[in-house]
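J.: What follows is entry30.cif; its format and atoms are mmCIF, C-alpha atoms; chains and numbers go by the auth columns.
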```cif
data_model
loop_
_atom_site.group_PDB
_atom_site.id
_atom_site.type_symbol
_atom_site.label_atom_id
_atom_site.label_comp_id
_atom_site.label_asym_id
_atom_site.label_seq_id
_atom_site.Cartn_x
_atom_site.Cartn_y
_atom_site.Cartn_z
_atom_site.B_iso_or_equiv
_atom_site.auth_seq_id
_atom_site.auth_asym_id
ATOM 1 C CA MET A 1 -25.921 -139.468 44.870 0.00 703 Q
ATOM 2 C CA SER A 2 -23.001 -141.881 44.793 0.00 704 Q
ATOM 3 C CA PHE A 3 -20.109 -141.770 42.326 0.00 705 Q
ATOM 4 C CA MET A 4 -21.580 -144.745 40.489 0.00 706 Q
ATOM 5 C CA SER A 5 -25.028 -143.205 40.065 0.00 707 Q
ATOM 6 C CA LYS A 6 -23.515 -139.868 38.989 0.00 708 Q
ATOM 7 C CA PHE A 7 -21.440 -141.708 36.415 0.00 709 Q
ATOM 8 C CA ARG A 8 -24.473 -143.585 35.088 0.00 710 Q
ATOM 9 C CA ALA A 9 -26.446 -140.317 34.850 0.00 711 Q
ATOM 10 C CA VAL A 10 -23.926 -138.633 32.557 0.00 712 Q
ATOM 11 C CA SER A 11 -22.681 -141.632 30.569 0.00 713 Q
ATOM 12 C CA ALA A 12 -25.568 -144.001 29.913 0.00 714 Q
ATOM 13 C CA GLY A 13 -24.393 -145.779 26.804 0.00 715 Q
ATOM 14 C CA GLY A 14 -24.603 -148.940 24.764 0.00 716 Q
ATOM 15 C CA SER A 15 -26.250 -152.037 26.080 0.00 717 Q
ATOM 16 C CA ALA A 16 -25.132 -155.623 25.654 0.00 718 Q
ATOM 17 C CA ALA A 17 -28.683 -156.534 24.705 0.00 719 Q
ATOM 18 C CA ALA A 18 -27.904 -155.995 21.047 0.00 720 Q
ATOM 19 C CA VAL A 19 -25.238 -158.672 21.183 0.00 721 Q
ATOM 20 C CA ARG A 20 -26.803 -161.514 23.099 0.00 722 Q
ATOM 21 C CA PRO A 21 -30.407 -162.178 24.226 0.00 723 Q
ATOM 22 C CA ALA A 22 -31.031 -161.407 27.882 0.00 724 Q
ATOM 23 C CA TYR A 23 -32.581 -163.845 30.312 0.00 725 Q
ATOM 24 C CA SER A 24 -34.785 -161.310 32.028 0.00 726 Q
ATOM 25 C CA ARG A 25 -38.320 -160.445 32.896 0.00 727 Q
ATOM 26 C CA SER A 26 -39.842 -157.185 34.021 0.00 728 Q
ATOM 27 C CA VAL A 27 -41.178 -156.596 37.516 0.00 729 Q
ATOM 28 C CA ARG A 28 -42.895 -153.525 38.892 0.00 730 Q
ATOM 29 C CA THR A 29 -40.509 -152.805 41.739 0.00 731 Q
ATOM 30 C CA PRO A 30 -37.658 -154.610 43.464 0.00 732 Q
ATOM 31 C CA ALA A 31 -38.853 -156.576 46.453 0.00 733 Q
ATOM 32 C CA ALA A 32 -36.122 -155.000 48.607 0.00 734 Q
ATOM 33 C CA PRO A 33 -32.848 -153.097 48.308 0.00 735 Q
ATOM 34 C CA LEU A 34 -30.312 -155.162 46.424 0.00 736 Q
ATOM 35 C CA HIS A 35 -28.082 -155.676 49.446 0.00 737 Q
ATOM 36 C CA ALA A 36 -30.855 -156.434 51.942 0.00 738 Q
ATOM 37 C CA PRO A 37 -32.757 -159.723 52.482 0.00 739 Q
ATOM 38 C CA GLY A 38 -36.238 -159.904 51.049 0.00 740 Q
ATOM 39 C CA GLY A 39 -38.423 -161.066 48.186 0.00 741 Q
ATOM 40 C CA ALA A 40 -39.015 -164.504 46.755 0.00 742 Q
ATOM 41 C CA SER A 41 -35.362 -165.468 47.058 0.00 743 Q
ATOM 42 C CA THR A 42 -35.622 -165.218 50.827 0.00 744 Q
ATOM 43 C CA GLN A 43 -38.211 -168.002 50.867 0.00 745 Q
ATOM 44 C CA THR A 44 -35.643 -170.246 49.216 0.00 746 Q
ATOM 45 C CA ALA A 45 -33.041 -169.160 51.721 0.00 747 Q
ATOM 46 C CA GLU A 46 -35.313 -170.144 54.605 0.00 748 Q
ATOM 47 C CA LYS A 47 -35.335 -173.709 53.276 0.00 749 Q
ATOM 48 C CA ASN A 48 -31.601 -173.765 52.716 0.00 750 Q
ATOM 49 C CA SER A 49 -29.656 -171.109 54.607 0.00 751 Q
ATOM 50 C CA GLY A 50 -26.588 -171.762 52.488 0.00 752 Q
ATOM 51 C CA ARG A 51 -23.265 -170.141 53.213 0.00 753 Q
ATOM 52 C CA PHE A 52 -23.031 -166.595 54.575 0.00 754 Q
ATOM 53 C CA SER A 53 -20.998 -164.525 52.119 0.00 755 Q
ATOM 54 C CA ASN A 54 -19.302 -161.260 53.024 0.00 756 Q
ATOM 55 C CA GLY A 55 -18.122 -161.042 49.441 0.00 757 Q
ATOM 56 C CA LEU A 56 -21.662 -161.214 48.068 0.00 758 Q
ATOM 57 C CA LYS A 57 -22.827 -158.603 50.567 0.00 759 Q
ATOM 58 C CA GLU A 58 -20.024 -156.229 49.535 0.00 760 Q
ATOM 59 C CA PHE A 59 -20.600 -156.908 45.820 0.00 761 Q
ATOM 60 C CA LEU A 60 -24.309 -156.063 46.080 0.00 762 Q
ATOM 61 C CA TRP A 61 -23.518 -152.907 48.054 0.00 763 Q
ATOM 62 C CA GLN A 62 -21.160 -151.777 45.302 0.00 764 Q
ATOM 63 C CA ILE A 63 -23.794 -152.101 42.562 0.00 765 Q
ATOM 64 C CA GLU A 64 -26.951 -151.127 44.446 0.00 766 Q
ATOM 65 C CA ASP A 65 -27.066 -147.614 42.903 0.00 767 Q
ATOM 66 C CA ILE A 66 -27.296 -149.053 39.395 0.00 768 Q
ATOM 67 C CA SER A 67 -30.817 -148.907 37.984 0.00 769 Q
ATOM 68 C CA ARG A 68 -31.756 -151.682 35.553 0.00 770 Q
ATOM 69 C CA GLY A 69 -28.140 -152.656 35.014 0.00 771 Q
ATOM 70 C CA SER A 70 -26.621 -155.662 33.273 0.00 772 Q
ATOM 71 C CA VAL A 71 -24.947 -158.622 34.972 0.00 773 Q
ATOM 72 C CA LEU A 72 -22.769 -161.253 33.301 0.00 774 Q
ATOM 73 C CA ASP A 73 -22.934 -164.576 35.179 0.00 775 Q
ATOM 74 C CA LEU A 74 -20.124 -166.698 33.791 0.00 776 Q
ATOM 75 C CA PRO A 75 -20.987 -170.152 35.188 0.00 777 Q
ATOM 76 C CA GLN A 76 -24.769 -169.867 34.588 0.00 778 Q
ATOM 77 C CA ALA A 77 -26.034 -170.506 38.096 0.00 779 Q
ATOM 78 C CA THR A 78 -27.892 -167.578 39.580 0.00 780 Q
ATOM 79 C CA LEU A 79 -30.429 -165.849 37.328 0.00 781 Q
ATOM 80 C CA THR A 80 -33.418 -165.439 39.624 0.00 782 Q
ATOM 81 C CA TYR A 81 -32.075 -163.130 42.320 0.00 783 Q
ATOM 82 C CA PHE A 82 -30.850 -160.458 39.905 0.00 784 Q
ATOM 83 C CA ILE A 83 -33.872 -160.681 37.604 0.00 785 Q
ATOM 84 C CA GLU A 84 -36.086 -160.039 40.640 0.00 786 Q
ATOM 85 C CA HIS A 85 -34.092 -156.862 41.252 0.00 787 Q
ATOM 86 C CA ASN A 86 -34.543 -155.476 37.736 0.00 788 Q
ATOM 87 C CA PHE A 87 -31.171 -156.497 36.311 0.00 789 Q
ATOM 88 C CA LYS A 88 -30.725 -157.990 32.875 0.00 790 Q
ATOM 89 C CA VAL A 89 -28.739 -161.184 33.276 0.00 791 Q
ATOM 90 C CA TYR A 90 -26.488 -162.602 30.575 0.00 792 Q
ATOM 91 C CA THR A 91 -24.905 -166.013 30.963 0.00 793 Q
ATOM 92 C CA GLU A 92 -21.855 -167.647 29.486 0.00 794 Q
ATOM 93 C CA ASP A 93 -20.587 -170.896 30.943 0.00 795 Q
ATOM 94 C CA LEU A 94 -16.912 -170.056 30.915 0.00 796 Q
ATOM 95 C CA LEU A 95 -15.659 -173.297 32.440 0.00 797 Q
ATOM 96 C CA ALA A 96 -17.783 -175.533 30.218 0.00 798 Q
ATOM 97 C CA ALA A 97 -16.471 -173.631 27.198 0.00 799 Q
ATOM 98 C CA TRP A 98 -12.902 -173.873 28.472 0.00 800 Q
ATOM 99 C CA GLY A 99 -13.226 -177.616 29.099 0.00 801 Q
ATOM 100 C CA ALA A 100 -14.656 -178.184 25.609 0.00 802 Q
ATOM 101 C CA PHE A 101 -11.878 -176.069 24.112 0.00 803 Q
ATOM 102 C CA LEU A 102 -9.159 -178.105 25.852 0.00 804 Q
ATOM 103 C CA GLU A 103 -10.776 -181.362 24.760 0.00 805 Q
ATOM 104 C CA TYR A 104 -10.937 -180.166 21.165 0.00 806 Q
ATOM 105 C CA GLU A 105 -7.334 -178.941 21.210 0.00 807 Q
ATOM 106 C CA ASP A 106 -6.049 -182.203 22.652 0.00 808 Q
ATOM 107 C CA GLY A 107 -8.075 -184.277 20.183 0.00 809 Q
ATOM 108 C CA ARG A 108 -6.844 -182.252 17.230 0.00 810 Q
ATOM 109 C CA ALA A 109 -3.231 -182.659 18.335 0.00 811 Q
ATOM 110 C CA ARG A 110 -3.629 -186.447 18.664 0.00 812 Q
ATOM 111 C CA SER A 111 -5.170 -186.715 15.188 0.00 813 Q
ATOM 112 C CA LEU A 112 -2.259 -185.073 13.402 0.00 814 Q
ATOM 113 C CA PRO A 113 -0.073 -187.480 11.445 0.00 815 Q
ATOM 114 C CA ALA A 114 3.523 -188.013 12.474 0.00 816 Q
ATOM 115 C CA GLY A 115 5.749 -185.217 11.278 0.00 817 Q
ATOM 116 C CA ALA A 116 2.895 -182.741 10.789 0.00 818 Q
ATOM 117 C CA GLU A 117 3.338 -179.215 12.112 0.00 819 Q
ATOM 118 C CA ARG A 118 1.917 -178.911 15.604 0.00 820 Q
ATOM 119 C CA PRO A 119 -0.227 -175.955 16.687 0.00 821 Q
ATOM 120 C CA ASP A 120 1.268 -173.400 19.035 0.00 822 Q
ATOM 121 C CA VAL A 121 0.319 -174.470 22.570 0.00 823 Q
ATOM 122 C CA SER A 122 1.840 -171.505 24.388 0.00 824 Q
ATOM 123 C CA PRO A 123 -0.532 -169.796 26.874 0.00 825 Q
ATOM 124 C CA ALA A 124 -0.780 -166.709 24.636 0.00 826 Q
ATOM 125 C CA ALA A 125 -1.680 -168.758 21.550 0.00 827 Q
ATOM 126 C CA ARG A 126 -4.215 -170.896 23.406 0.00 828 Q
ATOM 127 C CA ALA A 127 -5.835 -167.876 25.067 0.00 829 Q
ATOM 128 C CA GLY A 128 -6.063 -166.140 21.701 0.00 830 Q
ATOM 129 C CA ARG A 129 -7.800 -169.103 20.082 0.00 831 Q
ATOM 130 C CA PHE A 130 -10.200 -169.412 23.027 0.00 832 Q
ATOM 131 C CA LEU A 131 -11.096 -165.711 23.039 0.00 833 Q
ATOM 132 C CA ALA A 132 -11.754 -165.801 19.307 0.00 834 Q
ATOM 133 C CA SER A 133 -15.066 -167.549 20.036 0.00 835 Q
ATOM 134 C CA ASN A 134 -15.775 -166.746 23.711 0.00 836 Q
ATOM 135 C CA LEU A 135 -16.483 -163.616 25.786 0.00 837 Q
ATOM 136 C CA ARG A 136 -17.298 -161.793 22.557 0.00 838 Q
ATOM 137 C CA TYR A 137 -19.145 -158.743 23.888 0.00 839 Q
ATOM 138 C CA PRO A 138 -18.475 -155.061 23.158 0.00 840 Q
ATOM 139 C CA GLU A 139 -16.417 -153.130 25.665 0.00 841 Q
ATOM 140 C CA ASP A 140 -18.313 -151.587 28.593 0.00 842 Q
ATOM 141 C CA SER A 141 -21.241 -154.001 28.219 0.00 843 Q
ATOM 142 C CA PHE A 142 -21.822 -154.868 31.876 0.00 844 Q
ATOM 143 C CA ASP A 143 -22.202 -153.258 35.275 0.00 845 Q
ATOM 144 C CA ALA A 144 -21.191 -156.413 37.137 0.00 846 Q
ATOM 145 C CA VAL A 145 -19.586 -159.790 36.489 0.00 847 Q
ATOM 146 C CA LEU A 146 -19.999 -162.942 38.592 0.00 848 Q
ATOM 147 C CA LEU A 147 -16.735 -164.742 37.967 0.00 849 Q
ATOM 148 C CA TRP A 148 -17.044 -167.141 40.918 0.00 850 Q
ATOM 149 C CA ASP A 149 -14.097 -169.592 41.137 0.00 851 Q
ATOM 150 C CA ALA A 150 -13.471 -170.003 37.397 0.00 852 Q
ATOM 151 C CA LEU A 151 -9.870 -168.821 37.618 0.00 853 Q
ATOM 152 C CA ASP A 152 -8.948 -171.675 39.984 0.00 854 Q
ATOM 153 C CA TYR A 153 -9.599 -174.068 37.100 0.00 855 Q
ATOM 154 C CA MET A 154 -7.230 -172.345 34.680 0.00 856 Q
ATOM 155 C CA ASP A 155 -3.465 -172.103 34.582 0.00 857 Q
ATOM 156 C CA ARG A 156 -2.233 -168.830 36.006 0.00 858 Q
ATOM 157 C CA GLU A 157 -0.787 -167.737 32.654 0.00 859 Q
ATOM 158 C CA ILE A 158 -4.143 -168.309 30.945 0.00 860 Q
ATOM 159 C CA ALA A 159 -6.009 -166.398 33.664 0.00 861 Q
ATOM 160 C CA GLN A 160 -3.635 -163.462 33.236 0.00 862 Q
ATOM 161 C CA LEU A 161 -4.500 -163.383 29.530 0.00 863 Q
ATOM 162 C CA LEU A 162 -8.280 -163.695 30.006 0.00 864 Q
ATOM 163 C CA LEU A 163 -8.633 -161.004 32.679 0.00 865 Q
ATOM 164 C CA PRO A 164 -7.976 -158.073 30.314 0.00 866 Q
ATOM 165 C CA ARG A 165 -10.907 -159.193 28.143 0.00 867 Q
ATOM 166 C CA ILE A 166 -13.174 -159.526 31.197 0.00 868 Q
ATOM 167 C CA CYS A 167 -12.018 -156.147 32.491 0.00 869 Q
ATOM 168 C CA SER A 168 -12.827 -154.518 29.150 0.00 870 Q
ATOM 169 C CA LEU A 169 -16.438 -155.715 29.364 0.00 871 Q
ATOM 170 C CA ILE A 170 -17.100 -153.876 32.633 0.00 872 Q
ATOM 171 C CA ARG A 171 -18.219 -150.258 32.702 0.00 873 Q
ATOM 172 C CA GLU A 172 -16.386 -147.727 34.843 0.00 874 Q
ATOM 173 C CA GLY A 173 -17.583 -148.165 38.425 0.00 875 Q
ATOM 174 C CA GLY A 174 -18.703 -151.743 37.812 0.00 876 Q
ATOM 175 C CA ALA A 175 -17.694 -154.685 40.000 0.00 877 Q
ATOM 176 C CA VAL A 176 -16.498 -158.282 39.820 0.00 878 Q
ATOM 177 C CA LEU A 177 -17.175 -160.973 42.422 0.00 879 Q
ATOM 178 C CA ALA A 178 -14.547 -163.723 42.369 0.00 880 Q
ATOM 179 C CA ILE A 179 -13.878 -166.692 44.658 0.00 881 Q
ATOM 180 C CA PHE A 180 -10.566 -168.450 45.220 0.00 882 Q
ATOM 181 C CA HIS A 181 -9.854 -171.679 47.072 0.00 883 Q
ATOM 182 C CA THR A 182 -7.055 -171.533 49.625 0.00 884 Q
ATOM 183 C CA ARG A 183 -6.332 -175.230 49.058 0.00 885 Q
ATOM 184 C CA PRO A 184 -7.163 -177.657 46.219 0.00 886 Q
ATOM 185 C CA PRO A 185 -10.947 -178.208 46.166 0.00 887 Q
ATOM 186 C CA GLN A 186 -12.221 -181.733 46.679 0.00 888 Q
ATOM 187 C CA GLN A 187 -15.574 -181.037 45.002 0.00 889 Q
ATOM 188 C CA PHE A 188 -16.624 -178.916 42.032 0.00 890 Q
ATOM 189 C CA HIS A 189 -19.490 -176.512 42.834 0.00 891 Q
ATOM 190 C CA ARG A 190 -21.854 -174.132 41.177 0.00 892 Q
ATOM 191 C CA TYR A 191 -22.726 -171.020 43.202 0.00 893 Q
ATOM 192 C CA ARG A 192 -26.323 -169.850 43.530 0.00 894 Q
ATOM 193 C CA VAL A 193 -27.427 -166.597 45.186 0.00 895 Q
ATOM 194 C CA LEU A 194 -30.142 -167.398 47.732 0.00 896 Q
ATOM 195 C CA ASP A 195 -30.545 -163.899 49.101 0.00 897 Q
ATOM 196 C CA ALA A 196 -28.424 -160.817 49.744 0.00 898 Q
ATOM 197 C CA HIS A 197 -26.188 -162.570 52.273 0.00 899 Q
ATOM 198 C CA ASN A 198 -26.197 -166.269 51.413 0.00 900 Q
ATOM 199 C CA LEU A 199 -24.846 -168.507 48.682 0.00 901 Q
ATOM 200 C CA GLU A 200 -25.798 -172.081 47.982 0.00 902 Q
ATOM 201 C CA LEU A 201 -22.883 -174.281 46.912 0.00 903 Q
ATOM 202 C CA VAL A 202 -24.302 -176.900 44.564 0.00 904 Q
ATOM 203 C CA PRO A 203 -22.062 -179.968 44.029 0.00 905 Q
ATOM 204 C CA VAL A 204 -21.902 -181.041 40.378 0.00 906 Q
ATOM 205 C CA PRO A 205 -19.578 -183.246 38.305 0.00 907 Q
ATOM 206 C CA ALA A 206 -16.287 -181.513 37.571 0.00 908 Q
ATOM 207 C CA LEU A 207 -16.053 -179.795 34.193 0.00 909 Q
ATOM 208 C CA VAL A 208 -12.275 -179.326 34.455 0.00 910 Q
ATOM 209 C CA GLN A 209 -9.719 -180.051 37.132 0.00 911 Q
ATOM 210 C CA PRO A 210 -8.368 -177.336 39.456 0.00 912 Q
ATOM 211 C CA ARG A 211 -5.135 -175.867 38.139 0.00 913 Q
ATOM 212 C CA HIS A 212 -3.828 -173.235 40.532 0.00 914 Q
ATOM 213 C CA ILE A 213 -4.150 -171.973 44.113 0.00 915 Q
ATOM 214 C CA TYR A 214 -3.749 -168.203 44.102 0.00 916 Q
ATOM 215 C CA GLN A 215 -1.911 -166.312 46.799 0.00 917 Q
ATOM 216 C CA ASN A 216 -2.907 -162.772 47.794 0.00 918 Q
ATOM 217 C CA ARG A 217 -0.142 -161.204 45.732 0.00 919 Q
ATOM 218 C CA GLU A 218 -1.183 -163.146 42.643 0.00 920 Q
ATOM 219 C CA ILE A 219 -4.804 -162.068 43.048 0.00 921 Q
ATOM 220 C CA GLN A 220 -3.742 -158.438 43.346 0.00 922 Q
ATOM 221 C CA GLU A 221 -1.690 -158.770 40.173 0.00 923 Q
ATOM 222 C CA LEU A 222 -4.587 -160.336 38.286 0.00 924 Q
ATOM 223 C CA PHE A 223 -6.892 -157.450 39.192 0.00 925 Q
ATOM 224 C CA GLU A 224 -4.364 -154.635 39.034 0.00 926 Q
ATOM 225 C CA ARG A 225 -6.532 -152.819 36.462 0.00 927 Q
ATOM 226 C CA PHE A 226 -9.243 -152.325 39.084 0.00 928 Q
ATOM 227 C CA ARG A 227 -9.130 -149.258 41.325 0.00 929 Q
ATOM 228 C CA THR A 228 -10.347 -150.859 44.562 0.00 930 Q
ATOM 229 C CA SER A 229 -10.555 -154.355 45.999 0.00 931 Q
ATOM 230 C CA LYS A 230 -11.687 -156.137 49.149 0.00 932 Q
ATOM 231 C CA THR A 231 -11.119 -159.751 50.109 0.00 933 Q
ATOM 232 C CA PHE A 232 -12.707 -161.971 52.752 0.00 934 Q
ATOM 233 C CA VAL A 233 -11.454 -165.360 53.907 0.00 935 Q
ATOM 234 C CA GLY A 234 -14.014 -167.845 55.257 0.00 936 Q
ATOM 235 C CA ARG A 235 -13.575 -170.813 57.549 0.00 937 Q
ATOM 236 C CA ASP A 236 -14.396 -173.097 54.634 0.00 938 Q
ATOM 237 C CA GLN A 237 -11.135 -172.231 52.856 0.00 939 Q
ATOM 238 C CA LEU A 238 -12.760 -169.863 50.366 0.00 940 Q
ATOM 239 C CA ARG A 239 -11.363 -166.405 49.717 0.00 941 Q
ATOM 240 C CA GLU A 240 -13.906 -163.983 48.256 0.00 942 Q
ATOM 241 C CA GLY A 241 -12.819 -160.907 46.356 0.00 943 Q
ATOM 242 C CA VAL A 242 -14.778 -157.856 45.184 0.00 944 Q
ATOM 243 C CA PHE A 243 -13.005 -155.690 42.610 0.00 945 Q
ATOM 244 C CA VAL A 244 -14.315 -152.307 41.420 0.00 946 Q
ATOM 245 C CA LYS A 245 -13.196 -150.852 38.099 0.00 947 Q
#
```
How does this structure look as structure tokens?
T.:
Amino acid sequence: MSFMSKFRAVSAGGSAAAVRPAYSRSVRTPAAPLHAPGGASTQTAEKNSGRFSNGLKEFLWQIEDISRGSVLDLPQATLTYFIEHNFKVYTEDLLAAWGAFLEYEDGRARSLPAGAERPDVSPAARAGRFLASNLRYPEDSFDAVLLWDALDYMDREIAQLLLPRICSLIREGGAVLAIFHTRPPQQFHRYRVLDAHNLELVPVPALVQPRHIYQNREIQELFERFRTSKTFVGRDQLREGVFVK
């Protein structure tokens, strides 16, 4: 029995289901091990082989001992694969919420009359206002978080302030999958899991503009609260990171 399964056996606790409705359905058995190809998702992959992802493969290996766990998918793109493998999937479109928040903040500032007191626009103040109405789950709610490339579309200072909240949502032994561009992206994408090894990059209109290109040292600092990490750099200028709490 792995460390993760031993931990789950002695500390099964609260579920996020009481906070937010899950997008899930029950199935009798998983079609295949979580980290191995198989099941209905593979039929999709045969039509569109997508992009091979070492990060996805490592992420699934890290969480494969979790039985009926909970996954938080922040950009709302990949429900089916995890539902088919008996996970409860919760979604919160972090970038859409962040874009709407910035638009509201900018509009409110423009509407203030001359001489009126301006709101605090420091990173700490903005992050605090954003977190007051987003990522509002109890601590230790999730076994895994799909962060994708959301941090590339936030200022570094804001990302540093959001990561502690995200970290607090993950149970001990849980994992995060994050993606970082190694140069400014020309196209905004959603990421969809096709099977255990492949991602589909779906081009969509940009919700917000890219804000920062992270170097290795910066990524390590962002995830310093996690006990282990692995990164993989692809030929398509994407750096994938898997971080285990």
J.: Using the chain letters and numbering of this document, enumerate as a ChimeraX atom specification the residues selected by the PyMOL selection byres ((chain Q and resi 789) around 7).
T.: /Q:770-773,784-785,787-788,790-791
J.: Can you pull out every residue within 10 Å of Ala802 of chain Q, counting only C-alpha atoms, but drop anything in the same chain fewer than 6 positions away, and send it as a list in words?
T.: Leu796, Asp808, Leu909 and Val910 of chain Q
J.: Can you check which parts of segment 891-925 of chain Q lie within 12 Å of segment 857-865 of chain Q? Per residue, the shortest pair of atoms and distance in Å to one decimal, counting only C-alpha atoms, sorted by chain and number, as JSON lines.
T.:
```
{"residue": "Q:Val910", "atom": "CA", "partner": "Q:Asp857", "partner_atom": "CA", "distance": 11.4}
{"residue": "Q:Gln911", "atom": "CA", "partner": "Q:Asp857", "partner_atom": "CA", "distance": 10.4}
{"residue": "Q:Pro912", "atom": "CA", "partner": "Q:Asp857", "partner_atom": "CA", "distance": 8.7}
{"residue": "Q:Arg913", "atom": "CA", "partner": "Q:Asp857", "partner_atom": "CA", "distance": 5.4}
{"residue": "Q:His914", "atom": "CA", "partner": "Q:Asp857", "partner_atom": "CA", "distance": 6.1}
{"residue": "Q:Ile915", "atom": "CA", "partner": "Q:Arg858", "partner_atom": "CA", "distance": 8.9}
{"residue": "Q:Tyr916", "atom": "CA", "partner": "Q:Arg858", "partner_atom": "CA", "distance": 8.3}
{"residue": "Q:Gln917", "atom": "CA", "partner": "Q:Arg858", "partner_atom": "CA", "distance": 11.1}
{"residue": "Q:Glu920", "atom": "CA", "partner": "Q:Arg858", "partner_atom": "CA", "distance": 8.8}
{"residue": "Q:Ile921", "atom": "CA", "partner": "Q:Gln862", "partner_atom": "CA", "distance": 10.0}
{"residue": "Q:Gln922", "atom": "CA", "partner": "Q:Gln862", "partner_atom": "CA", "distance": 11.3}
{"residue": "Q:Glu923", "atom": "CA", "partner": "Q:Gln862", "partner_atom": "CA", "distance": 8.6}
{"residue": "Q:Leu924", "atom": "CA", "partner": "Q:Gln862", "partner_atom": "CA", "distance": 6.0}
{"residue": "Q:Phe925", "atom": "CA", "partner": "Q:Leu865", "partner_atom": "CA", "distance": 7.6}
```
J.: Of the candidates Q:Ala827, Q:Val935, Q:Met856, Q:Ala880, which shows the shortest atom-to-atom distance to Tyr893 of chain Q, using all atoms listed in the file?
T.: Q:Ala880
J.: Here's the selection I'm unsure about, the PyMOL selection byres ((chain Q and resi 846) around 6); applied to the file above, which residues does it give, as a PyMOL selection string?
T.: chain Q and resi 773+844-845+847+876-878
J.: Is it possible to get the residues within 10 Å of (-7.0, -149.0, 37.5) (coordinates as in the file, counting all atoms listed in the file) written as a list in words?
T.: Glu874, Phe925, Glu926, Arg927, Phe928, Arg929, Thr930, Val946 and Lys947 of chain Q
J.: Let me make sure I understand: among Q:Phe803, Q:Phe934, Q:Asp767, Q:His883, which one has the smallest atom-to-atom distance to Ala834 of chain Q if we use only C-alpha atoms?
T.: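 Distance minimum relative to Ala834 of chain Q lands on Q:Phe803.
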J.: Could you work out how far atom CA of Arg753 of chain Q lies from atom CA of Asp851 of chain Q, giving the answer in Å with one decimal?
T.: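 These two atoms are separated by 15.2 Å.
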J.: Provide the atom CA of Leu848 of chain Q to atom CA of Leu774 of chain Q distance in Å, to one decimal place.
T.: 6.2 Å
J.: Can you tell me, as a list in words, what residues are no more than 9 Å from Ala852 of chain Q when counting all atoms listed in the file, ignoring any on the same chain fewer than 6 positions away?
T.: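 Listing them by chain and then by number gives Leu776, Pro777, Leu796, Leu797, Ala880, Ile881 and Phe882 of chain Q.
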J.: Hey, can you spit out that residue selection with C-alpha atoms as a PDB file, in the frame of the given file?
T.:
```pdb
ATOM      1  CA  LEU Q 776     -20.124-166.698  33.791  1.00  0.00           C
ATOM      2  CA  PRO Q 777     -20.987-170.152  35.188  1.00  0.00           C
ATOM      3  CA  LEU Q 796     -16.912-170.056  30.915  1.00  0.00           C
ATOM      4  CA  LEU Q 797     -15.659-173.297  32.440  1.00  0.00           C
ATOM      5  CA  ALA Q 880     -14.547-163.723  42.369  1.00  0.00           C
ATOM      6  CA  ILE Q 881     -13.878-166.692  44.658  1.00  0.00           C
ATOM      7  CA  PHE Q 882     -10.566-168.450  45.220  1.00  0.00           C
TER       8      PHE Q 882
END
```
J.: Quick one: of Q:Ser755, Q:Thr782, Q:Arg892, Q:Asp897, who's nearest to Trp850 of chain Q, counting only C-alpha atoms?
T.: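 Checking each of Q:Ser755, Q:Thr782, Q:Arg892, Q:Asp897 against Trp850 of chain Q, counting only C-alpha atoms, the winner is Q:Arg892.
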J.: Report, in Å with one decimal, the straight-line distance from atom CA of Ala898 of chain Q to atom CA of Val944 of chain Q.
T.: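 We find that atom CA of Ala898 of chain Q and atom CA of Val944 of chain Q lie 14.7 Å from each other.
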J.: I need the output of the PyMOL selection byres ((chain Q and resi 907) around 9) for this file as a PyMOL selection string; which residues are they?
T.: chain Q and resi 889-891+905-906+908-909
J.: Between Q:Glu942, Q:Pro825, Q:Leu762, Q:Ile872, single out the one closest to Tyr783 of chain Q, counting only C-alpha atoms.
T.: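 Ranked by minimum distance to Tyr783 of chain Q, first place goes to Q:Leu762.
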J.: Extract, using all atoms listed in the file, all DNA, RNA and protein residues at most 8 Å from Glu841 of chain Q, discarding same-chain residues fewer than 3 positions from it, and format them as a tab-separated table (two decimals) with C-alpha atoms, in the coordinates of the input.
T.:
```
chain	number	residue	atom	x	y	z
Q	870	SER	CA	-12.83	-154.52	29.15
Q	871	LEU	CA	-16.44	-155.72	29.36
Q	872	ILE	CA	-17.10	-153.88	32.63
Q	873	ARG	CA	-18.22	-150.26	32.70
```
J.: Take every atom of segment 847-863 of chain Q listed in the file, pad by 3 Å on each side, and give me the axis-aligned box centre and edge lengths in Å, one decimal, as AutoDock Vina command-line options.
T.:
```
--center_x -10.4 --center_y -166.9 --center_z 35.3 --size_x 25.2 --size_y 20.3 --size_z 17.6
```
